[in-house]
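Working notes, beginning with the structure itself.
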Amino acid sequence: MGGGGQQTDSGEPAKGGSAVYTWEEVQRHSHRGDQWLVIDRKVYNITQWAKRHPGGIRVISHFAGEDATEAFSAFHLDANFVRKFLKPLLIGELAPTEPSQDHGKNAALVQDFQALRDHVEREGLLRARLLFFSLYLGHILLLEALALGLLWVWGTSWSLTLLCSLMLATSQAQAGWLQHDYGHLSVCKKSSWNHKLHKFVIGHLKGASANWWNHRHFQHHAKPNVFRKDPDINSLHVFVLGDTQPVEYGIKKLKYMPYHHQHQYFFLIGPPLIVPVFFNIQIFRTMFSQRDWVDLAWSMSFYLRFFCCYYPFFGFFGSVALISFVRFLESHWFVWVTQMNHLPMEMDHERHQDWLTMQLSATCNIEQSTFNDWFSGHLNFQIEHHLFPTMPRHNYHLVAPLVRALCEKHGVPYQVKTLKKGMTDVVRSLKKSGDLWLDAYLHK
């Protein structure tokens, strides 16, 4: 028992759950062409199925050779439905002598968090109020209508065009938070309805791709601030982040950019360019390379609508300039909100932490206020969002005291900052990382 598991005559692991395995054996199967994982002590061979995983091959592959129980519970609305797809992949279970947690995780903490999750489900905190999201969508559409109405009624003076741009940028930013809700399956009871509405909001209201967002964003949630697993910290050598990467780059004498000045050039290539340049290139390249014609059609419907509305006022090139300026404004909003919760936090290579510890080390909250809630799409409650990604945002403040109490019980830091400090910490973090790189580059 636990000495290699039972195998068929062909050398493949036995199917149907008849074999038993140790954690050491499971952890050997963590390579691209050989992937096992564990959910509720059941061992599954996902090597072939990972390619068909609805969330993308990468996010499930990040848990190869590991216990994926907590991530499985966090990401799926209907776990029993999903288990039907897992059944043919079952090859065995953990040996009775093996602990339920791998890599020496704190069993008491894991059990306490599961108890909190059970409480959250019983209290109905994973159920959405449709009126909230209907009104939220309404205020986005109202901003769009008012922006166009300004030009129809009062003309296209510079001041009115600037006001129109600000209103459009606001509607785009808020639509970004709304598509985030649908993408996380946190609005409708059925996943299928969330997916349909997600394509409408991110495609028709924003001109982006639902599949591109899903495959990128769920990796971030699965392994936040983990190098080579979280695409949000893949800076393409433009920045060095955290405390580990700068030293590694410095020791290897890597100098793709003058990293000791990255806290300065961040203002030139970070907030201004992420959405209008980097994301747009990624989105269209992904849609064409994956032949994702459905998402492309949704995206094109946005641009068709936009040019139909604004071509009569500005012509073709003027309309291009308008949408580019709107994207430029939106990008600043997006970058500061998303980075203040993560960039100043811990970043490292895979450390195999439990769900609560991993998410808390990579996230912090921003103080609650009516403005902060609206401005950030309730992502000022980033901790609660990462712990319960399918929870509707209007319930974050209800679960926050329970999460804080659990963190205090187990000595897990729970950070809350002001909006100003959250933003200044982004720059401070970049400067610290740049200084670490320079020291390692010159002296190690």
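We label chains A, B, ... in the order they appear in the structure tokens, count residues from 1 in each chain, and number ligands from 1 in the order shown.
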Legend entry - Distance query Thr390 in chain A at most 10 Å, only C-alpha atoms, self and fewer than 3 positions along chain excluded, as a PyMOL selection string: chain A and resi 73-77+125-128+181-187+385-387+393
Can you spit out the residues from that selection as a CSV table (one decimal), in the first residue's frame, using N, CA and C atoms?
chain,number,residue,atom,x,y,z
A,73,SER,N,-13.0,23.8,-5.0
A,73,SER,CA,-14.2,24.4,-4.4
A,73,SER,C,-14.4,25.8,-4.7
A,74,ALA,N,-13.3,26.6,-4.8
A,74,ALA,CA,-13.4,28.0,-5.0
A,74,ALA,C,-13.9,28.4,-6.4
A,75,PHE,N,-13.5,27.6,-7.4
A,75,PHE,CA,-13.8,28.0,-8.8
A,75,PHE,C,-15.1,27.5,-9.4
A,76,HIS,N,-15.7,26.5,-8.8
A,76,HIS,CA,-16.8,25.8,-9.4
A,76,HIS,C,-18.1,26.1,-8.7
A,77,LEU,N,-19.1,26.6,-9.4
A,77,LEU,CA,-20.4,26.8,-8.8
A,77,LEU,C,-21.1,25.6,-8.4
A,125,LEU,N,-24.3,33.6,1.2
A,125,LEU,CA,-23.5,34.7,0.8
A,125,LEU,C,-22.9,34.5,-0.6
A,126,LEU,N,-23.1,33.3,-1.2
A,126,LEU,CA,-22.7,33.1,-2.6
A,126,LEU,C,-23.8,33.4,-3.6
A,127,ARG,N,-25.0,33.8,-3.1
A,127,ARG,CA,-26.1,34.1,-3.9
A,127,ARG,C,-26.2,35.6,-4.2
A,128,ALA,N,-26.4,35.9,-5.5
A,128,ALA,CA,-26.4,37.3,-5.9
A,128,ALA,C,-27.8,38.0,-5.8
A,181,ASP,N,-17.4,40.4,-12.8
A,181,ASP,CA,-18.4,39.7,-12.1
A,181,ASP,C,-19.0,38.5,-12.8
A,182,TYR,N,-19.3,38.7,-14.1
A,182,TYR,CA,-19.9,37.6,-14.9
A,182,TYR,C,-18.8,36.6,-15.2
A,183,GLY,N,-17.6,37.0,-15.4
A,183,GLY,CA,-16.5,36.1,-15.7
A,183,GLY,C,-16.2,35.1,-14.5
A,184,HIS,N,-16.5,35.6,-13.3
A,184,HIS,CA,-16.3,34.8,-12.1
A,184,HIS,C,-17.5,34.0,-11.7
A,185,LEU,N,-18.5,34.0,-12.6
A,185,LEU,CA,-19.8,33.3,-12.3
A,185,LEU,C,-20.5,33.7,-11.1
A,186,SER,N,-20.4,35.0,-10.7
A,186,SER,CA,-20.9,35.4,-9.4
A,186,SER,C,-22.2,36.2,-9.5
A,187,VAL,N,-22.9,36.1,-10.7
A,187,VAL,CA,-24.2,36.8,-10.8
A,187,VAL,C,-25.3,35.9,-10.9
A,385,HIS,N,-12.4,38.6,-2.2
A,385,HIS,CA,-12.6,38.2,-3.6
A,385,HIS,C,-11.7,37.0,-3.9
A,386,HIS,N,-10.5,37.1,-3.5
A,386,HIS,CA,-9.6,36.0,-3.8
A,386,HIS,C,-9.9,34.7,-3.1
A,387,LEU,N,-10.4,34.8,-1.9
A,387,LEU,CA,-10.7,33.6,-1.1
A,387,LEU,C,-12.0,33.0,-1.6
A,393,ARG,N,-20.1,40.5,-5.3
A,393,ARG,CA,-19.3,41.6,-4.6
A,393,ARG,C,-20.0,42.3,-3.5
Report as a PDB file with N, CA, C and O atoms, in the first residue's frame all protein, DNA and RNA residues lying within 12 Å of Tyr256 in chain A, evaluated on only C-alpha atoms, omitting residues in the same chain fewer than 5 positions from it.
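Result file result18.pdb:
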ATOM      1  N   SER A 235       6.227  40.388 -16.524  1.00  0.00           N
ATOM      2  CA  SER A 235       6.444  41.762 -16.996  1.00  0.00           C
ATOM      3  C   SER A 235       7.276  41.830 -18.270  1.00  0.00           C
ATOM      4  O   SER A 235       7.651  42.928 -18.699  1.00  0.00           O
ATOM      5  N   LEU A 236       7.564  40.675 -18.875  1.00  0.00           N
ATOM      6  CA  LEU A 236       8.307  40.627 -20.141  1.00  0.00           C
ATOM      7  C   LEU A 236       9.632  41.386 -20.050  1.00  0.00           C
ATOM      8  O   LEU A 236      10.057  42.058 -20.988  1.00  0.00           O
ATOM      9  N   HIS A 237      10.283  41.277 -18.909  1.00  0.00           N
ATOM     10  CA  HIS A 237      11.598  41.885 -18.649  1.00  0.00           C
ATOM     11  C   HIS A 237      11.555  43.413 -18.572  1.00  0.00           C
ATOM     12  O   HIS A 237      12.613  44.054 -18.487  1.00  0.00           O
ATOM     13  N   VAL A 238      10.356  44.001 -18.609  1.00  0.00           N
ATOM     14  CA  VAL A 238      10.263  45.462 -18.536  1.00  0.00           C
ATOM     15  C   VAL A 238      10.440  45.931 -17.096  1.00  0.00           C
ATOM     16  O   VAL A 238      11.043  46.988 -16.840  1.00  0.00           O
ATOM     17  N   PHE A 239       9.945  45.148 -16.126  1.00  0.00           N
ATOM     18  CA  PHE A 239      10.094  45.454 -14.707  1.00  0.00           C
ATOM     19  C   PHE A 239      10.642  44.221 -13.997  1.00  0.00           C
ATOM     20  O   PHE A 239      10.481  43.090 -14.471  1.00  0.00           O
ATOM     21  N   VAL A 240      11.272  44.449 -12.855  1.00  0.00           N
ATOM     22  CA  VAL A 240      11.590  43.353 -11.932  1.00  0.00           C
ATOM     23  C   VAL A 240      10.743  43.570 -10.693  1.00  0.00           C
ATOM     24  O   VAL A 240      10.641  44.691 -10.183  1.00  0.00           O
ATOM     25  N   PRO A 246      14.349  40.560  -8.582  1.00  0.00           N
ATOM     26  CA  PRO A 246      15.422  41.537  -8.821  1.00  0.00           C
ATOM     27  C   PRO A 246      16.807  40.994  -8.502  1.00  0.00           C
ATOM     28  O   PRO A 246      17.771  41.253  -9.242  1.00  0.00           O
ATOM     29  N   TYR A 249      17.876  38.523 -11.249  1.00  0.00           N
ATOM     30  CA  TYR A 249      18.307  39.252 -12.444  1.00  0.00           C
ATOM     31  C   TYR A 249      19.668  39.891 -12.217  1.00  0.00           C
ATOM     32  O   TYR A 249      20.532  39.895 -13.102  1.00  0.00           O
ATOM     33  N   GLY A 250      19.864  40.486 -11.040  1.00  0.00           N
ATOM     34  CA  GLY A 250      21.122  41.154 -10.760  1.00  0.00           C
ATOM     35  C   GLY A 250      22.301  40.212 -10.740  1.00  0.00           C
ATOM     36  O   GLY A 250      23.362  40.505 -11.314  1.00  0.00           O
ATOM     37  N   GLN A 262      12.902  52.053 -12.599  1.00  0.00           N
ATOM     38  CA  GLN A 262      11.599  51.543 -13.038  1.00  0.00           C
ATOM     39  C   GLN A 262      10.435  52.242 -12.339  1.00  0.00           C
ATOM     40  O   GLN A 262       9.340  52.333 -12.911  1.00  0.00           O
ATOM     41  N   TRP A 437      17.763  45.087  -7.329  1.00  0.00           N
ATOM     42  CA  TRP A 437      18.404  44.669  -8.562  1.00  0.00           C
ATOM     43  C   TRP A 437      19.772  45.352  -8.719  1.00  0.00           C
ATOM     44  O   TRP A 437      20.768  44.690  -9.044  1.00  0.00           O
TER      45      TRP A 437
END
Legend entry - d(CA of Ala19 in chain A, CA of Arg41 in chain A) in Å: 12.1 Å
Inset, instruction - Could you give me, as JSON, numbers by chain, each residue of range 55-223 of chain A that DSSP assigns to alpha helix (DSSP H) when run on this structure's backbone? - result: {"A": [57, 58, 59, 60, 61, 69, 70, 71, 72, 73, 74, 75, 79, 80, 81, 82, 83, 84, 85, 86, 107, 108, 109, 110, 111, 112, 113, 114, 115, 116, 117, 118, 119, 120, 121, 122, 130, 131, 132, 133, 134, 135, 136, 137, 138, 139, 140, 141, 142, 143, 144, 145, 146, 147, 148, 149, 150, 151, 152, 153, 154, 158, 159, 160, 161, 162, 163, 164, 165, 166, 167, 168, 169, 170, 171, 172, 173, 174, 175, 176, 177, 178, 179, 180, 181, 182, 183, 191, 192, 193, 194, 195, 196, 197, 198, 199, 210, 211, 212, 213, 214, 215, 216, 217, 218, 219, 220, 221, 222]}
Selection file, C-alpha atoms, as an mmCIF file, in the first residue's frame:
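New file part_30.cif:
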data_model
loop_
_atom_site.group_PDB
_atom_site.id
_atom_site.type_symbol
_atom_site.label_atom_id
_atom_site.label_comp_id
_atom_site.auth_asym_id
_atom_site.auth_seq_id
_atom_site.Cartn_x
_atom_site.Cartn_y
_atom_site.Cartn_z
ATOM 1 C CA ILE A 57 -4.945 23.946 -19.831
ATOM 2 C CA ARG A 58 -2.628 26.192 -17.852
ATOM 3 C CA VAL A 59 -4.740 26.882 -14.786
ATOM 4 C CA ILE A 60 -5.394 23.194 -14.072
ATOM 5 C CA SER A 61 -1.804 22.271 -14.925
ATOM 6 C CA THR A 69 -9.242 20.552 -3.296
ATOM 7 C CA GLU A 70 -9.453 24.175 -2.164
ATOM 8 C CA ALA A 71 -9.063 25.584 -5.670
ATOM 9 C CA PHE A 72 -11.682 23.157 -6.983
ATOM 10 C CA SER A 73 -14.182 24.351 -4.362
ATOM 11 C CA ALA A 74 -13.355 28.010 -4.988
ATOM 12 C CA PHE A 75 -13.787 28.049 -8.763
ATOM 13 C CA ALA A 79 -19.092 20.882 -7.722
ATOM 14 C CA ASN A 80 -21.332 17.831 -8.094
ATOM 15 C CA PHE A 81 -21.887 18.589 -11.781
ATOM 16 C CA VAL A 82 -18.146 18.971 -12.389
ATOM 17 C CA ARG A 83 -17.401 15.698 -10.612
ATOM 18 C CA LYS A 84 -19.175 13.874 -13.454
ATOM 19 C CA PHE A 85 -16.321 14.921 -15.718
ATOM 20 C CA LEU A 86 -13.767 13.847 -13.126
ATOM 21 C CA ALA A 107 -4.298 21.039 8.644
ATOM 22 C CA ALA A 108 -6.091 23.062 11.339
ATOM 23 C CA LEU A 109 -6.027 26.208 9.187
ATOM 24 C CA VAL A 110 -7.295 24.319 6.144
ATOM 25 C CA GLN A 111 -10.117 22.784 8.175
ATOM 26 C CA ASP A 112 -11.064 26.128 9.712
ATOM 27 C CA PHE A 113 -11.213 27.762 6.298
ATOM 28 C CA GLN A 114 -13.394 24.933 4.995
ATOM 29 C CA ALA A 115 -15.692 25.505 7.982
ATOM 30 C CA LEU A 116 -15.852 29.193 7.049
ATOM 31 C CA ARG A 117 -16.691 28.286 3.461
ATOM 32 C CA ASP A 118 -19.464 25.967 4.666
ATOM 33 C CA HIS A 119 -20.835 28.815 6.794
ATOM 34 C CA VAL A 120 -20.710 31.195 3.819
ATOM 35 C CA GLU A 121 -22.715 28.747 1.717
ATOM 36 C CA ARG A 122 -25.287 28.128 4.453
ATOM 37 C CA LEU A 130 -29.974 40.517 -9.425
ATOM 38 C CA LEU A 131 -31.339 44.007 -8.766
ATOM 39 C CA PHE A 132 -27.848 45.155 -7.734
ATOM 40 C CA PHE A 133 -26.295 43.991 -10.992
ATOM 41 C CA SER A 134 -29.210 45.227 -13.092
ATOM 42 C CA LEU A 135 -28.822 48.722 -11.658
ATOM 43 C CA TYR A 136 -25.079 48.503 -12.132
ATOM 44 C CA LEU A 137 -25.514 47.654 -15.815
ATOM 45 C CA GLY A 138 -28.067 50.458 -16.066
ATOM 46 C CA HIS A 139 -25.633 53.085 -14.807
ATOM 47 C CA ILE A 140 -23.064 51.958 -17.401
ATOM 48 C CA LEU A 141 -25.584 52.238 -20.245
ATOM 49 C CA LEU A 142 -26.738 55.610 -18.896
ATOM 50 C CA LEU A 143 -23.159 56.938 -19.021
ATOM 51 C CA GLU A 144 -22.843 55.736 -22.614
ATOM 52 C CA ALA A 145 -26.112 57.446 -23.576
ATOM 53 C CA LEU A 146 -25.235 60.704 -21.807
ATOM 54 C CA ALA A 147 -21.825 60.846 -23.473
ATOM 55 C CA LEU A 148 -23.429 60.556 -26.912
ATOM 56 C CA GLY A 149 -26.282 62.879 -25.976
ATOM 57 C CA LEU A 150 -23.828 65.636 -25.038
ATOM 58 C CA LEU A 151 -22.521 65.750 -28.582
ATOM 59 C CA TRP A 152 -25.967 65.541 -30.188
ATOM 60 C CA VAL A 153 -27.347 68.446 -28.147
ATOM 61 C CA TRP A 154 -24.403 70.776 -27.572
ATOM 62 C CA TRP A 158 -13.007 70.700 -27.078
ATOM 63 C CA SER A 159 -14.505 70.956 -23.607
ATOM 64 C CA LEU A 160 -17.543 68.840 -24.497
ATOM 65 C CA THR A 161 -15.385 66.269 -26.295
ATOM 66 C CA LEU A 162 -13.188 66.013 -23.190
ATOM 67 C CA LEU A 163 -16.267 65.578 -20.985
ATOM 68 C CA CYS A 164 -17.594 62.925 -23.390
ATOM 69 C CA SER A 165 -14.239 61.111 -23.181
ATOM 70 C CA LEU A 166 -14.286 61.142 -19.395
ATOM 71 C CA MET A 167 -17.808 59.711 -19.348
ATOM 72 C CA LEU A 168 -16.888 57.004 -21.836
ATOM 73 C CA ALA A 169 -13.747 56.128 -19.869
ATOM 74 C CA THR A 170 -15.864 55.854 -16.722
ATOM 75 C CA SER A 171 -18.380 53.577 -18.457
ATOM 76 C CA GLN A 172 -15.531 51.436 -19.827
ATOM 77 C CA ALA A 173 -13.895 51.094 -16.424
ATOM 78 C CA GLN A 174 -17.189 50.199 -14.776
ATOM 79 C CA ALA A 175 -18.024 47.736 -17.564
ATOM 80 C CA GLY A 176 -14.638 46.187 -16.817
ATOM 81 C CA TRP A 177 -15.681 45.544 -13.231
ATOM 82 C CA LEU A 178 -19.055 44.172 -14.379
ATOM 83 C CA GLN A 179 -17.538 41.745 -16.887
ATOM 84 C CA HIS A 180 -15.295 40.629 -14.030
ATOM 85 C CA ASP A 181 -18.424 39.690 -12.054
ATOM 86 C CA TYR A 182 -19.865 37.611 -14.886
ATOM 87 C CA GLY A 183 -16.499 36.060 -15.665
ATOM 88 C CA SER A 191 -22.794 28.997 -15.265
ATOM 89 C CA SER A 192 -24.154 29.067 -18.801
ATOM 90 C CA TRP A 193 -25.999 32.351 -18.202
ATOM 91 C CA ASN A 194 -22.911 33.902 -16.635
ATOM 92 C CA HIS A 195 -20.881 32.884 -19.689
ATOM 93 C CA LYS A 196 -23.434 34.321 -22.128
ATOM 94 C CA LEU A 197 -23.715 37.634 -20.319
ATOM 95 C CA HIS A 198 -19.950 37.758 -19.874
ATOM 96 C CA LYS A 199 -19.516 37.648 -23.655
ATOM 97 C CA ALA A 210 -14.161 36.517 -22.834
ATOM 98 C CA ASN A 211 -11.969 33.482 -23.506
ATOM 99 C CA TRP A 212 -8.778 35.550 -23.432
ATOM 100 C CA TRP A 213 -9.826 37.022 -20.085
ATOM 101 C CA ASN A 214 -10.867 33.676 -18.586
ATOM 102 C CA HIS A 215 -7.688 31.815 -19.464
ATOM 103 C CA ARG A 216 -5.519 34.669 -18.208
ATOM 104 C CA HIS A 217 -7.420 35.751 -15.120
ATOM 105 C CA PHE A 218 -8.076 32.352 -13.563
ATOM 106 C CA GLN A 219 -4.358 31.606 -13.610
ATOM 107 C CA HIS A 220 -3.889 34.763 -11.578
ATOM 108 C CA HIS A 221 -6.479 33.608 -9.042
ATOM 109 C CA ALA A 222 -5.128 30.075 -8.879
#
Inset, instruction - Skip Leu241 in chain A itself and residues of its chain fewer than 4 positions away, then list as a count of residues only all residues within 10 Å of it, counting only C-alpha atoms. - result: 24
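From CA of Lys206 in chain A back to CA of Ser299 in chain A, the distance works out to 7.4 Å.
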With range 101-106 of chain A as the partner and 12 Å as the cut-off, tabulate the residues of range 378-420 of chain A that qualify, each row holding the nearest pair of atoms and their distance in Å to one decimal, using only C-alpha atoms, sorted by chain and rising number, as JSON lines.
{"residue": "A:His410", "atom": "CA", "partner": "A:Asn106", "partner_atom": "CA", "distance": 9.5}
{"residue": "A:Gly411", "atom": "CA", "partner": "A:Asn106", "partner_atom": "CA", "distance": 11.8}
{"residue": "A:Val412", "atom": "CA", "partner": "A:Asn106", "partner_atom": "CA", "distance": 11.8}
Legend entry - Per-residue DSSP, range 62-274 of chain A, filtered to strand (DSSP E or B), as a ChimeraX atom specification: /A:67,90-94,226
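Interatomic distance, CA of Gly270 in chain A against CA of Val335 in chain A: 7.4 Å.
If you count only C-alpha atoms and ignore residues fewer than 2 places along the chain from Thr424 in chain A, what sits within 12 Å of it is A:His263, A:Trp336, A:Val337, A:Gln339, A:Met340, A:Asn341, A:Leu343, A:Pro344, A:Lys417, A:Thr418, A:Leu419, A:Lys420, A:Lys421, A:Gly422, A:Val426, A:Val427, A:Arg428, A:Ser429, A:Leu430, A:Lys431.
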Inset, instruction - Go through A:Pro312, A:Gly33, A:Gly155, A:Gly124 and flag the residue nearest Met391 in chain A, using only C-alpha atoms for the distances. - result: A:Gly124
